[in-house]
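Student: Next up, entry31.cif (mmCIF, C-alpha atoms).
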```
data_structure
loop_
_atom_site.label_atom_id
_atom_site.label_comp_id
_atom_site.auth_asym_id
_atom_site.auth_seq_id
_atom_site.Cartn_x
_atom_site.Cartn_y
_atom_site.Cartn_z
CA MET P 1 -118.87 -135.90 153.97
CA ASN P 2 -116.75 -138.76 152.63
CA LYS P 3 -113.84 -140.36 154.44
CA ARG P 4 -111.25 -138.41 152.46
CA GLY P 5 -112.81 -135.03 153.46
CA LYS P 6 -112.92 -136.04 157.10
CA ARG P 7 -109.28 -137.09 156.93
CA ASN P 8 -108.29 -133.69 155.47
CA ILE P 9 -110.13 -131.80 158.22
CA GLY P 10 -108.41 -133.96 160.80
CA MET P 11 -105.03 -133.24 159.27
CA ILE P 12 -105.74 -129.47 159.30
CA ARG P 13 -106.71 -129.57 162.97
CA LEU P 14 -103.66 -131.63 163.79
CA GLY P 15 -101.47 -129.13 161.91
CA ARG P 16 -102.97 -126.26 163.88
CA CYS P 17 -102.31 -128.03 167.17
CA VAL P 18 -98.73 -128.75 166.19
CA ALA P 19 -98.23 -125.11 165.12
CA PHE P 20 -99.73 -123.86 168.39
CA LEU P 21 -97.55 -126.15 170.51
CA ALA P 22 -94.46 -125.14 168.53
CA ALA P 23 -95.23 -121.45 169.00
CA ALA P 24 -95.89 -121.98 172.70
CA ALA P 25 -92.62 -123.89 173.08
CA PHE P 26 -90.82 -121.03 171.35
CA LEU P 27 -92.49 -118.19 173.30
CA LEU P 28 -92.70 -119.77 176.75
CA PRO P 29 -89.05 -119.19 177.78
CA PHE P 30 -89.32 -115.54 176.78
CA THR P 31 -92.63 -115.15 178.61
CA ILE P 32 -91.16 -116.65 181.77
CA LEU P 33 -88.09 -114.41 181.45
CA LEU P 34 -90.25 -111.29 181.14
CA MET P 35 -92.36 -112.34 184.13
CA VAL P 36 -89.29 -112.90 186.28
CA ALA P 37 -87.71 -109.62 185.20
CA ASP P 38 -90.92 -107.75 185.91
CA GLN P 39 -91.19 -109.38 189.32
CA GLN P 40 -87.61 -108.52 190.20
CA TYR P 41 -88.13 -104.90 189.08
CA ASN P 42 -91.26 -104.52 191.16
CA LEU P 43 -89.64 -106.16 194.16
CA THR P 44 -87.23 -103.23 194.22
CA TYR P 45 -90.16 -100.94 194.90
CA ASN P 46 -92.49 -103.21 196.85
CA SER P 47 -90.10 -104.22 199.61
CA LYS P 48 -91.31 -101.47 201.89
CA ARG P 49 -88.88 -99.85 204.31
CA VAL P 50 -90.45 -99.41 207.74
CA PHE P 51 -90.16 -96.00 209.35
CA TYR P 52 -92.41 -93.98 211.54
CA GLN P 53 -95.81 -92.86 210.30
CA GLU P 54 -97.90 -90.00 211.64
CA SER P 55 -100.42 -92.48 213.03
CA ASP P 56 -97.68 -93.94 215.26
CA PHE P 57 -97.41 -90.72 217.28
CA TYR P 58 -99.27 -89.87 220.44
CA LYS P 59 -99.51 -86.65 222.46
CA ILE P 60 -98.56 -85.86 226.04
CA ASN P 61 -99.35 -82.32 227.19
CA GLY P 62 -99.48 -81.16 223.59
CA THR P 63 -96.10 -82.66 222.67
CA ILE P 64 -95.99 -85.34 219.98
CA TYR P 65 -94.07 -88.57 220.63
CA ALA P 66 -93.58 -91.88 218.85
CA PRO P 67 -93.96 -95.08 220.89
CA VAL P 68 -90.93 -97.36 221.02
CA THR P 69 -93.18 -100.31 220.23
CA THR P 70 -93.58 -99.30 216.58
CA PRO P 71 -91.89 -101.61 214.04
CA PHE P 72 -89.53 -98.76 213.16
CA PHE P 73 -87.98 -98.69 216.62
CA ARG P 74 -88.28 -102.40 217.28
CA THR P 75 -86.40 -103.45 214.14
CA GLN P 76 -83.95 -100.66 213.54
CA PHE P 77 -82.68 -99.16 216.78
CA VAL P 78 -81.04 -99.99 220.04
CA PHE P 79 -81.04 -96.86 222.20
CA GLU P 80 -78.93 -96.35 225.27
CA ASN P 81 -79.34 -93.93 228.14
CA GLY P 82 -76.89 -91.14 228.65
CA SER P 83 -74.38 -89.69 226.20
CA ARG P 84 -73.26 -91.51 223.09
CA ASP P 85 -69.86 -91.55 221.41
CA ASP P 86 -71.03 -92.99 218.08
CA GLY P 87 -72.73 -89.85 216.77
CA LEU P 88 -76.24 -91.25 217.17
CA LEU P 89 -79.10 -89.62 219.03
CA SER P 90 -80.37 -90.99 222.31
CA ARG P 91 -83.89 -92.40 222.35
CA GLU P 92 -85.27 -89.26 224.02
CA LYS P 93 -83.53 -86.91 221.59
CA PHE P 94 -84.62 -89.01 218.63
CA LEU P 95 -88.25 -88.72 219.75
CA GLU P 96 -87.85 -84.98 220.23
CA VAL P 97 -86.41 -84.44 216.75
CA GLY P 98 -89.02 -86.78 215.27
CA ALA P 99 -91.77 -84.59 216.71
CA ARG P 100 -90.05 -81.56 215.17
CA MET P 101 -90.02 -83.25 211.78
CA ASP P 102 -93.69 -84.12 212.11
CA ALA P 103 -94.51 -80.47 212.84
CA ARG P 104 -92.49 -79.29 209.84
CA ARG P 105 -94.23 -81.69 207.48
CA ASN P 106 -97.64 -80.62 208.72
CA TYR P 107 -96.71 -76.96 208.40
CA LEU P 108 -95.51 -77.45 204.83
CA ARG P 109 -98.71 -79.28 203.85
CA SER P 110 -100.83 -76.59 205.47
CA GLU P 111 -99.01 -73.75 203.69
CA CYS P 112 -99.09 -75.55 200.34
CA SER P 113 -102.85 -75.85 200.72
CA ARG P 114 -103.33 -72.28 201.98
CA LEU P 115 -101.33 -70.83 199.08
CA GLY P 116 -102.90 -73.17 196.54
CA LEU P 117 -99.49 -74.48 195.48
CA ASP P 118 -100.48 -78.12 195.83
CA LYS P 119 -103.10 -77.65 193.11
CA SER P 120 -101.39 -74.97 191.03
CA SER P 121 -100.46 -75.32 187.38
CA GLN P 122 -96.76 -75.24 188.27
CA LYS P 123 -95.10 -78.42 187.08
CA ALA P 124 -93.17 -80.68 189.44
CA TYR P 125 -89.43 -80.17 188.95
CA ALA P 126 -87.20 -83.23 189.24
CA TRP P 127 -83.87 -82.00 187.85
CA GLU P 128 -82.00 -81.53 191.15
CA TYR P 129 -83.14 -84.74 192.85
CA LEU P 130 -80.84 -87.68 193.54
CA ILE P 131 -82.31 -91.15 194.07
CA ASN P 132 -80.25 -93.80 195.83
CA ARG P 133 -82.03 -97.11 195.32
CA GLN P 134 -79.51 -99.16 197.29
CA HIS P 135 -80.12 -97.26 200.50
CA HIS P 136 -83.65 -96.02 199.76
CA VAL P 137 -83.09 -92.28 200.15
CA ILE P 138 -84.11 -89.40 197.88
CA TRP P 139 -82.59 -85.93 198.24
CA CYS P 140 -83.45 -82.65 196.58
CA ASN P 141 -80.13 -80.82 196.44
CA ILE P 142 -80.38 -77.12 197.39
CA PHE P 143 -77.10 -75.32 196.79
CA LYS P 144 -75.72 -73.36 199.77
CA ALA P 145 -77.74 -75.43 202.24
CA ALA P 146 -75.25 -78.09 203.37
CA SER P 147 -75.02 -79.25 199.76
CA THR P 148 -71.25 -79.86 199.95
CA SER P 149 -71.65 -82.19 202.92
CA TRP P 150 -74.52 -84.17 201.49
CA MET P 151 -73.10 -84.40 197.99
CA TYR P 152 -70.10 -86.04 199.67
CA ASN P 153 -72.46 -88.37 201.54
CA PHE P 154 -74.33 -89.34 198.39
CA ASN P 155 -71.04 -90.05 196.66
CA LEU P 156 -70.10 -92.36 199.53
CA MET P 157 -73.46 -94.09 199.13
CA ALA P 158 -72.70 -94.44 195.41
CA ASN P 159 -69.66 -96.55 196.40
CA TYR P 160 -66.93 -93.98 195.88
CA THR P 161 -64.33 -94.46 198.61
CA ALA P 162 -63.56 -91.71 201.10
CA ALA P 163 -59.91 -91.86 200.07
CA PHE P 164 -60.81 -91.22 196.44
CA LEU P 165 -63.24 -88.40 197.28
CA ASN P 166 -60.66 -86.68 199.48
CA ARG P 167 -57.94 -86.67 196.83
CA THR P 168 -59.87 -86.20 193.59
CA LYS P 169 -59.98 -82.84 191.83
CA GLU P 170 -63.27 -83.65 190.11
CA VAL P 171 -66.32 -81.58 191.01
CA PRO P 172 -68.45 -83.58 193.52
CA LEU P 173 -71.67 -82.87 191.61
CA GLU P 174 -70.15 -84.18 188.38
CA LEU P 175 -68.98 -87.31 190.19
CA ALA P 176 -72.46 -87.81 191.61
CA ARG P 177 -74.17 -87.46 188.25
CA LYS P 178 -72.03 -90.27 186.89
CA ARG P 179 -73.82 -92.56 189.36
CA TYR P 180 -77.17 -90.75 189.74
CA ALA P 181 -79.02 -90.05 186.51
CA ARG P 182 -81.25 -87.01 186.34
CA PRO P 183 -84.62 -88.49 187.32
CA THR P 184 -88.08 -87.86 185.97
CA VAL P 185 -91.04 -86.93 188.14
CA GLU P 186 -92.44 -90.43 187.63
CA MET P 187 -89.16 -92.02 188.77
CA ILE P 188 -89.20 -89.98 191.98
CA ARG P 189 -92.80 -90.82 192.80
CA LYS P 190 -92.27 -94.51 192.19
CA ALA P 191 -89.10 -94.62 194.30
CA GLN P 192 -90.86 -92.77 197.13
CA GLY P 193 -92.89 -95.91 197.81
CA ASP P 194 -90.02 -97.44 199.79
CA SER P 195 -87.66 -94.51 200.32
CA ILE P 196 -87.10 -91.62 202.70
CA THR P 197 -87.41 -88.31 200.84
CA PHE P 198 -85.68 -85.29 202.35
CA LEU P 199 -84.39 -81.79 201.70
CA ILE P 200 -82.32 -79.27 203.66
CA VAL P 201 -83.53 -75.67 203.80
CA ARG P 202 -81.93 -72.49 205.11
CA HIS P 203 -83.08 -68.95 205.84
CA PRO P 204 -83.34 -67.45 202.33
CA LEU P 205 -81.34 -64.32 203.13
CA GLU P 206 -78.60 -66.23 204.96
CA ARG P 207 -78.35 -68.52 201.94
CA LEU P 208 -78.09 -65.50 199.62
CA ALA P 209 -75.35 -63.98 201.78
CA SER P 210 -73.48 -67.29 201.78
CA ALA P 211 -73.72 -67.53 197.99
CA TYR P 212 -72.47 -63.94 197.65
CA ASN P 213 -69.47 -64.56 199.93
CA ASP P 214 -68.57 -67.86 198.32
CA LYS P 215 -69.25 -67.27 194.64
CA ILE P 216 -68.78 -63.50 194.22
CA VAL P 217 -66.39 -62.22 196.90
CA HIS P 218 -64.17 -65.31 196.74
CA ALA P 219 -64.61 -66.16 193.07
CA TRP P 220 -61.64 -67.88 191.46
CA PRO P 221 -59.80 -65.58 189.02
CA LYS P 222 -61.14 -65.89 185.46
CA SER P 223 -63.90 -68.25 186.61
CA PHE P 224 -67.54 -67.99 185.55
CA HIS P 225 -68.46 -66.10 188.72
CA ASP P 226 -65.41 -63.82 188.48
CA LYS P 227 -66.55 -62.79 185.00
CA MET P 228 -70.08 -62.34 186.30
CA GLY P 229 -68.76 -60.05 189.02
CA ARG P 230 -66.95 -57.89 186.49
CA ARG P 231 -70.15 -57.51 184.47
CA ILE P 232 -72.05 -56.51 187.62
CA ILE P 233 -69.48 -53.84 188.48
CA LYS P 234 -69.53 -52.45 184.95
CA LYS P 235 -73.33 -52.11 185.00
CA TYR P 236 -74.08 -51.12 188.59
CA ARG P 237 -71.04 -49.25 189.94
CA LYS P 238 -71.90 -45.64 189.18
CA PRO P 239 -70.24 -42.64 190.89
CA THR P 240 -72.66 -40.55 192.95
CA ASP P 241 -72.42 -37.42 195.06
CA SER P 242 -74.19 -39.00 198.02
CA LYS P 243 -71.62 -41.69 198.83
CA PRO P 244 -68.10 -42.65 197.79
CA THR P 245 -67.61 -45.12 194.95
CA PRO P 246 -66.61 -48.57 196.25
CA ASN P 247 -63.05 -49.60 195.41
CA GLU P 248 -63.50 -53.36 195.97
CA ARG P 249 -62.46 -55.55 193.04
CA TYR P 250 -65.70 -57.51 193.45
CA PRO P 251 -69.30 -56.23 193.50
CA VAL P 252 -70.35 -54.93 196.87
CA PHE P 253 -73.50 -56.49 198.28
CA GLU P 254 -75.96 -53.82 197.16
CA GLU P 255 -74.62 -54.10 193.59
CA PHE P 256 -75.00 -57.86 193.68
CA VAL P 257 -78.57 -57.60 195.02
CA ALA P 258 -79.48 -55.06 192.34
CA TYR P 259 -78.20 -57.50 189.72
CA VAL P 260 -80.17 -60.47 191.18
CA LEU P 261 -83.40 -58.47 191.37
CA ASP P 262 -83.03 -57.16 187.83
CA GLU P 263 -82.38 -60.69 186.51
CA ALA P 264 -85.49 -61.95 188.31
CA LYS P 265 -87.58 -59.03 187.05
CA ALA P 266 -86.47 -59.79 183.49
CA LYS P 267 -87.47 -63.45 184.11
CA ARG P 268 -84.00 -64.68 183.26
CA THR P 269 -82.79 -67.94 184.81
CA LEU P 270 -81.00 -67.24 188.09
CA ASP P 271 -77.75 -68.87 189.13
CA MET P 272 -78.40 -72.18 190.91
CA HIS P 273 -76.69 -70.90 194.08
CA TRP P 274 -79.36 -68.24 194.66
CA THR P 275 -82.38 -69.57 192.78
CA PRO P 276 -85.35 -69.86 195.19
CA TYR P 277 -85.35 -73.42 196.42
CA THR P 278 -89.09 -73.79 196.01
CA SER P 279 -88.34 -73.53 192.28
CA PHE P 280 -85.67 -76.24 192.60
CA CYS P 281 -87.63 -78.76 194.62
CA THR P 282 -91.31 -77.82 194.08
CA PRO P 283 -92.00 -79.10 197.63
CA CYS P 284 -95.78 -78.84 197.24
CA LYS P 285 -95.63 -81.42 194.42
CA PHE P 286 -93.79 -84.15 196.35
CA ASN P 287 -94.22 -85.66 199.80
CA PHE P 288 -91.20 -85.15 202.06
CA ASP P 289 -90.57 -87.43 205.02
CA VAL P 290 -87.80 -85.35 206.60
CA ILE P 291 -87.28 -81.57 206.39
CA LEU P 292 -83.88 -80.61 207.75
CA LYS P 293 -83.05 -77.00 208.57
CA PHE P 294 -79.60 -75.48 208.44
CA GLU P 295 -80.25 -73.86 211.81
CA THR P 296 -80.69 -77.25 213.53
CA LEU P 297 -78.62 -79.29 211.11
CA ASP P 298 -76.50 -81.20 213.60
CA GLU P 299 -79.46 -82.89 215.27
CA ASP P 300 -81.50 -83.08 212.09
CA GLN P 301 -78.92 -84.94 210.06
CA ARG P 302 -78.16 -87.34 212.91
CA PHE P 303 -81.89 -88.09 212.98
CA LEU P 304 -81.94 -88.71 209.22
CA ILE P 305 -78.84 -90.92 209.27
CA GLN P 306 -80.33 -92.97 212.09
CA MET P 307 -83.75 -93.14 210.48
CA ALA P 308 -82.33 -94.37 207.16
CA ARG P 309 -79.86 -96.73 208.92
CA LEU P 310 -76.87 -95.07 207.25
CA GLN P 311 -74.66 -94.77 210.34
CA ASP P 312 -72.21 -97.38 209.07
CA ILE P 313 -71.73 -95.50 205.79
CA ILE P 314 -71.83 -91.77 206.50
CA LYS P 315 -71.21 -89.53 209.49
CA PRO P 316 -72.90 -86.27 210.52
CA GLU P 317 -70.08 -83.95 209.53
CA TRP P 318 -69.76 -80.53 207.93
CA ARG P 319 -67.76 -80.21 204.75
CA ASN P 320 -67.41 -76.75 203.27
CA SER P 321 -64.75 -74.41 201.98
CA GLY P 322 -64.84 -72.13 205.00
CA LYS P 323 -64.89 -69.06 202.79
CA GLY P 324 -66.81 -66.02 203.99
CA THR P 325 -68.35 -67.45 207.14
CA ASN P 326 -71.81 -66.09 207.84
CA THR P 327 -71.46 -64.77 211.35
CA LEU P 328 -74.23 -62.57 212.68
CA HIS P 329 -71.93 -59.56 212.37
CA ASN P 330 -71.17 -60.33 208.72
CA ILE P 331 -74.86 -60.73 207.84
CA ASN P 332 -75.76 -57.53 209.67
CA HIS P 333 -73.00 -55.70 207.81
CA LEU P 334 -74.15 -56.94 204.41
CA TYR P 335 -77.85 -56.24 204.82
CA SER P 336 -77.30 -52.85 206.45
CA ARG P 337 -76.07 -51.73 203.02
CA LEU P 338 -79.45 -52.34 201.36
CA THR P 339 -82.40 -50.03 200.87
CA LYS P 340 -85.88 -50.93 202.00
CA SER P 341 -86.99 -51.34 198.40
CA GLN P 342 -84.19 -53.85 197.80
CA LEU P 343 -85.21 -55.82 200.88
CA ASP P 344 -88.82 -55.73 199.70
CA GLY P 345 -87.65 -57.08 196.36
CA LEU P 346 -85.75 -59.93 197.99
CA TYR P 347 -88.78 -60.92 200.04
CA ASN P 348 -90.93 -61.03 196.91
CA LEU P 349 -88.29 -63.12 195.14
CA TYR P 350 -88.01 -65.65 197.99
CA LYS P 351 -91.58 -65.32 199.21
CA TYR P 352 -92.45 -69.01 199.00
CA ASP P 353 -89.14 -70.04 200.60
CA PHE P 354 -90.12 -67.86 203.55
CA GLN P 355 -93.73 -68.95 203.73
CA LEU P 356 -93.48 -72.70 203.16
CA PHE P 357 -90.69 -73.24 205.68
CA ASN P 358 -91.73 -70.77 208.37
CA TYR P 359 -88.98 -68.17 208.02
CA THR P 360 -89.40 -64.46 208.74
CA ILE P 361 -87.76 -61.33 207.34
CA ASN P 362 -88.73 -58.90 210.12
CA ASN P 363 -85.31 -58.73 211.80
CA TYR P 364 -83.72 -57.69 208.53
CA TYR P 365 -85.84 -54.55 208.40
CA ASP P 366 -84.52 -53.74 211.88
CA ILE P 367 -80.96 -54.01 210.52
CA ILE P 368 -81.71 -51.46 207.81
CA GLN P 369 -83.37 -49.05 210.26
CA THR P 370 -80.56 -49.16 212.81
CA GLU P 371 -77.24 -50.00 211.18
CA GLY P 372 -78.27 -48.53 207.85
CA THR P 373 -79.07 -45.22 209.51
CA ALA P 374 -75.87 -45.27 211.56
CA ARG P 375 -73.83 -45.91 208.43
CA GLY P 376 -75.26 -42.71 206.92
#
```
Rewrite the coordinates I just gave you, this time as structure tokens.
Tutor:
Amino acid sequence: MNKRGKRNIGMIRLGRCVAFLAAAAFLLPFTILLMVADQQYNLTYNSKRVFYQESDFYKINGTIYAPVTTPFFRTQFVFENGSRDDGLLSREKFLEVGARMDARRNYLRSECSRLGLDKSSQKAYAWEYLINRQHHVIWCNIFKAASTSWMYNFNLMANYTAAFLNRTKEVPLELARKRYARPTVEMIRKAQGDSITFLIVRHPLERLASAYNDKIVHAWPKSFHDKMGRRIIKKYRKPTDSKPTPNERYPVFEEFVAYVLDEAKAKRTLDMHWTPYTSFCTPCKFNFDVILKFETLDEDQRFLIQMARLQDIIKPEWRNSGKGTNTLHNINHLYSRLTKSQLDGLYNLYKYDFQLFNYTINNYYDIIQTEGTARG
């Protein structure tokens, strides 16, 4: 090859080097920017919160306890003996409630496996979940199970002020959804890596009675539920010779139950206030760290607030309308109006709510046999 050919090859190679360096100089800032952004995004999920794990517990006489030497207790809590005036649990009470939560999680896992719901074809449902990334908590909202109180709490955690929340006329759920987007299943599972996931459950038939009292008996005039009640009366209030026709302006409980069971039988979407909560939260498809129960809510929510270090932001309070309180007498009165076949239908509708969270329906059959008979 002559000198001129060699010089041309050299020029081509030099041109390629210059082009490569120019491209690298152009792309490098963007590459660094993407790397930094990706690192910051992943840091949000990789900065693990430390809270108790099952392996931290030990047993004494069959009772499960967590040692105070775990990182969770060492870094997050200062317990004092005796009573407290700050709403927090004492060390002993915290351990007791923690053992209760451990038992509930194990029971849920066991039932999911026994019923095959952890491997079923049912899709995970994410629509009702709220993810708070700032405070690392995830909640599946179940209506009529302390939802008013915890929607208020999540709005506080979304940086709404208490003064604003107490005076606004906006619906709390609509306020929350302005700050908490409807998540996907993938978003929930990714956020669970450094978050506490919880839900609040309630006896299915108490929840149904609460929904009936709140949304049907005390429906606002001309509201959605008022119109629903009128449709129920028109369809189900039939005069009979065996008993007098009710004169209430709202559906009586047996009419309401007949409507709910017929809607479920027709596979129509049920109102969110009485939809089975296993349909809302698909609890066999997600891992829950804390399972609160309405029946022990005072201690349970204090435990959660303490566990998530939220005591400076929210307080363990009850916020509800106070309409149609579910006293034992009121529940007995409502369910004494039902037939055995209606009660059977309700159990079948809420079967997984009963089974997964260790509720029983037996006492309600006693109500029908005694008060139902006495009512004639």
Student: Using all atoms listed in the file for the distances, tell me which of P:Phe198, P:Phe154, P:Trp274, P:Tyr359 is nearest to Asn213 in chain P.
Tutor: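 Looking only at the distances to Asn213 in chain P, the closest residue turns out to be P:Trp274.
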Student: Please write the residues picked by the PyMOL selection byres ((chain P and resi 336) around 7) on this file as a PyMOL selection string.
Tutor: chain P and resi 332-335+337-338+367-368+371-372
Student: Work out how far CA of Tyr152 in chain P is from CA of Asp312 in chain P, in Å to one decimal.
Tutor: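 Computed distance, CA of Asp312 in chain P to CA of Tyr152 in chain P, equals 14.9 Å.
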Student: So how many Å separate CA of Asn362 in chain P and CA of Ala103 in chain P, to one decimal?
Tutor: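 Taking CA of Asn362 in chain P and CA of Ala103 in chain P, their separation equals 22.5 Å.
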Student: So how far away is CA of Ile313 in chain P from CA of Cys140 in chain P, in Å?
Tutor: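 CA of Ile313 in chain P lies 19.7 Å from CA of Cys140 in chain P.
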Student: Find the residue from P:Gly87, P:Glu317, P:Cys281, P:Val257 that sits nearest to Thr148 in chain P; use all atoms listed in the file when measuring.
Tutor: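 Closest candidate: P:Glu317.
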Student: Pick from P:Val252, P:Leu310, P:Leu356, P:Ile188: nearest to Leu156 in chain P, with only C-alpha atoms counted?
Tutor: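 Nearest candidate to Leu156 in chain P out of P:Val252, P:Leu310, P:Leu356, P:Ile188: P:Leu310.
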Student: With range 121-138 of chain P as the partner and 6 Å as the cut-off, tabulate the residues of range 190-244 of chain P that qualify, each row holding the nearest pair of atoms and their distance in Å to one decimal, using only C-alpha atoms, sorted by chain and rising number, as a tab-separated table.
Tutor:
```
residue	atom	partner	partner_atom	distance
P:Ser195	CA	P:His136	CA	4.3
P:Ile196	CA	P:Val137	CA	4.8
P:Thr197	CA	P:Ile138	CA	4.6
```
Student: Which residue gives the smallest distance to Phe354 in chain P among P:Asn153, P:Thr278, P:Ser223, P:Ser341, with all atoms listed in the file counted?
Tutor: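 With all atoms listed in the file as the atom set, the closest residue is P:Thr278.
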Student: I'd like the contact shell of Tyr236 in chain P - 9 Å cut-off, all atoms listed in the file, skipping same-chain residues fewer than 6 positions apart - returned as a ChimeraX atom specification.
Tutor: /P:251,255-256,258-259
Student: Could you tell me which of P:Thr296, P:Asn330, P:Asn363, P:Ser279 comes closest to Ile142 in chain P if we count all atoms listed in the file?
Tutor: P:Ser279
Student: Given the file above and the PyMOL selection byres ((chain P and resi 229) around 9), which residues are selected, and can you give them as number ranges by chain?
Tutor: P: 216-217, 219, 224-228, 230-234, 249-251, 256
Student: Any chance you could work out the residue set of the PyMOL selection byres ((chain P and resi 200) around 9) here, as an NGL selection string?
Tutor: :P and (139-142 or 145-147 or 198-199 or 201-202 or 290-294 or 297)
